[in-house]
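Okay, so here's the structure we're looking at.
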Amino acid sequence: MSAALEITGLRKAYKGFALKDVSFTVPEGSIMGLVGPNGAGKTTIIKLILNLVRRQAGSVKVFGLDNLADEKAAKSRIGFVHETPALVEDVPLKSIASAAAPFYPKWDQRLFLSLMDEFGLNPGQKFKTLSHGMKMKFSLALALCHDADLLVLDEPTSGLDPVFRRELLERLSGVIQDVRKAVLFSTHITSDLERTADYITLVLDGAVVFSSPRDDVRDGWAVVKGGPEILDPSRRPLFRAVRESPYGIEALTSDVPSARMAFPSAVFDRASIEDIMIFLNPGAFHD
Amino acid sequence: MLKLCLKDLLAARWFLLANMTVLLLYALQPYFSAGFIMAAGGVVVIAGLAIVFFLEDRDKTEILTLSLPVKRSAIVGARHLLGALFLAVCGGIVFGVIAPLGTVIRSRSDAAGLSRLLSIEAAVLFFVITLFFLALYLPLYHRFGFGRGTIVFLIAGIALVSLGAAGLFAILPAAPAPGRELGTAVIGSVRAIRSSLGTPLFLLSAVAVVVVPFAISLRLSLRFYARREF
């Protein structure tokens, strides 16, 4: 399976924050969820893909095209939906579409009109009159109707009601029915990932913790619950993070077979993305 | 680039139309001289561009523009092209509409002043000065963004205009009455330059004076915008 998006060794430093050698691949025909707490670096990664900020090292390839050297060709294959869709406020939706259409050779006006209909949008309505959810729908319609091969969505579900969130996620699943297409979406709502993503990349404090198929994450990580034996320093390398609670000791492991052998009497629960995020978030617990 | 220009024109069409209408209404007032009308034309050119930038800033659409399949250099080029387009349109209004119309509907004394607008010298002066200010505004916008860029431009522009006016009052042979006659006196001086150079050389020099700062401006804008982060 070839890569729709290939990110290698990406670095970007701001005052007080840095992306550190971020690497991951989004295969064609898949949905990749980019997850992490607020401020982890998800939006910076998306901005680097779109060349909205300048990278300091690394490379971004969209279907093999470098996003800087082949910027125009690479971007013509990307459909972008921003967390807070910002389009010209005083202009009717059909005019916004007319302004965007000439930039995309594969723009499909009939598909646009049918999506407007499907999403319950009136082409004559002005953008400023739409609710956040409707603005998101319109942005998605714009991204879909130029037949983008890679959809990049920055926190598309934040601020949406559950009904439209589900609708949007189902729509994303529909996109990859065409196996040449792919979706990358960032979120901090982990239930979205468990419902939709084929691959998950967890970003914490500017670094990728893992980038794996969702099933590998589900099967490969566990929360171990037990007594003080878990705190034995010789066995500490088995755990990625440990926390003490009034009810006992809990530890996160990504080496479930070894941990099972070491602590046969402990309770092993499958770790959810949220568990992993909370355990590994440096601000949440001590390591 | 044309597609980008069209996108901006579409977004700002009503504001731009209002801007041009204001110029027409302003210019047809009987008490404004040729110099004032040219200055108003120049202000409307810059204001037209500032309106486009303001709307982009207000609606935060720059991220959308940058996510389109275009290079940053094309975006910068389109903005310069848009400035040139506004200049052509305002030049057309000032010299193609206001000047001939003004000579018909104004009183004889005013018409004498306005008739100076219908000259090569006036047109050259208008295009050279307005293009100079466009060439100043665009790199500042690309360096600092709309808010700070416009403020820096206004400060620099007011300083330059004040210095220029003071210089003109000092060097013009017969110092004109402040404001009202300055424009016609400047046009007269430019006419003297044209007479001494001859029309072809005069026009060639005017083109050079226009092209060089605009080319420098474009280069600076490209450099600044390549570094901008969003």
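We name chains A, B, ... following the order of the structure tokens; residues begin at 1 in each chain, and ligands are numbered from 1 as shown.
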Test item: chain A residues at most 6 Å from chain B, counting only C-alpha atoms, as an MDAnalysis selection string:
chainID A and resid 52:53 72 75:76 86:88 99
Once DSSP has gone over the backbone, tell me which residues of stretch 156-230 of chain B are in helix (DSSP H, G or I), as a PyMOL selection string.
chain B and resi 156-171+182-197+199-227
Any idea what's packed within 12 Å of A:Ala259, counting only C-alpha atoms, ignoring anything in its chain fewer than 5 positions away? Could you give it as a list in words?
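Skipping anything fewer than 5 positions along the chain leaves Gly220, Trp221, Ala222, Val223, Val224, Lys225, Gly226, Ile230, Arg235, Arg236, Pro237, Leu238, Phe239, Arg240, Ala251, Leu252, Thr253, Ser254, Pro264, Ser265, Ala266, Val267 and Phe268 of chain A.
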Write out as an MDAnalysis selection string which residues come within 6 Å of stretch 6-23 of chain A when counting only C-alpha atoms, dropping same-chain ones fewer than 3 positions away.
chainID A and resid 55:61 206:208
Need the shell around B:Phe146: protein/DNA/RNA residues with any atom at most 9 Å away, counting only C-alpha atoms. Skip same-chain ones fewer than 6 positions apart. Format as a list in words?
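The contact residues come out as Ala50, Phe53, Phe54, Glu56, Asp57 and Leu140 of chain B.
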Could you find all residues in stretch 13-240 of chain A that DSSP calls strand (DSSP E) from the backbone, and write them as a PyMOL selection string?
chain A and resi 13-14+17-27+31-35+57-62+65-66+78-81+150-154+182-187+199-204+207-213+222-226
With only C-alpha atoms as the counted atoms, please give the residues lying no more than 12 Å from A:Asp117, apart from itself and same-chain residues fewer than 5 positions off, as a ChimeraX atom specification.
/A:110-112,122-123,137-138,141
Residue contacts of B:Phe202 (12 Å, only C-alpha atoms) excluding same-chain residues fewer than 5 positions away, as a list of chain:residue names
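With the cut-off at 12 Å, the set is B:Ile120, B:Glu121, B:Val124, B:Leu125, B:Val190, B:Arg191, B:Ala192, B:Ile193, B:Arg194, B:Ser195, B:Ser196, B:Leu197, B:Val207, B:Ala208, B:Val209.
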Select, from B:Leu2, B:Ala123, B:Ala159, B:Ala206, the residue with the minimum atom-to-atom distance to B:Ala34, counting only C-alpha atoms.
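Closest candidate: B:Ala123.
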Pick out the closest residue to A:Leu193 from this set: A:Pro27, A:Gly79, A:Gly36, A:Pro233. Count only C-alpha atoms.
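Closest residue, counting only C-alpha atoms: A:Gly36.
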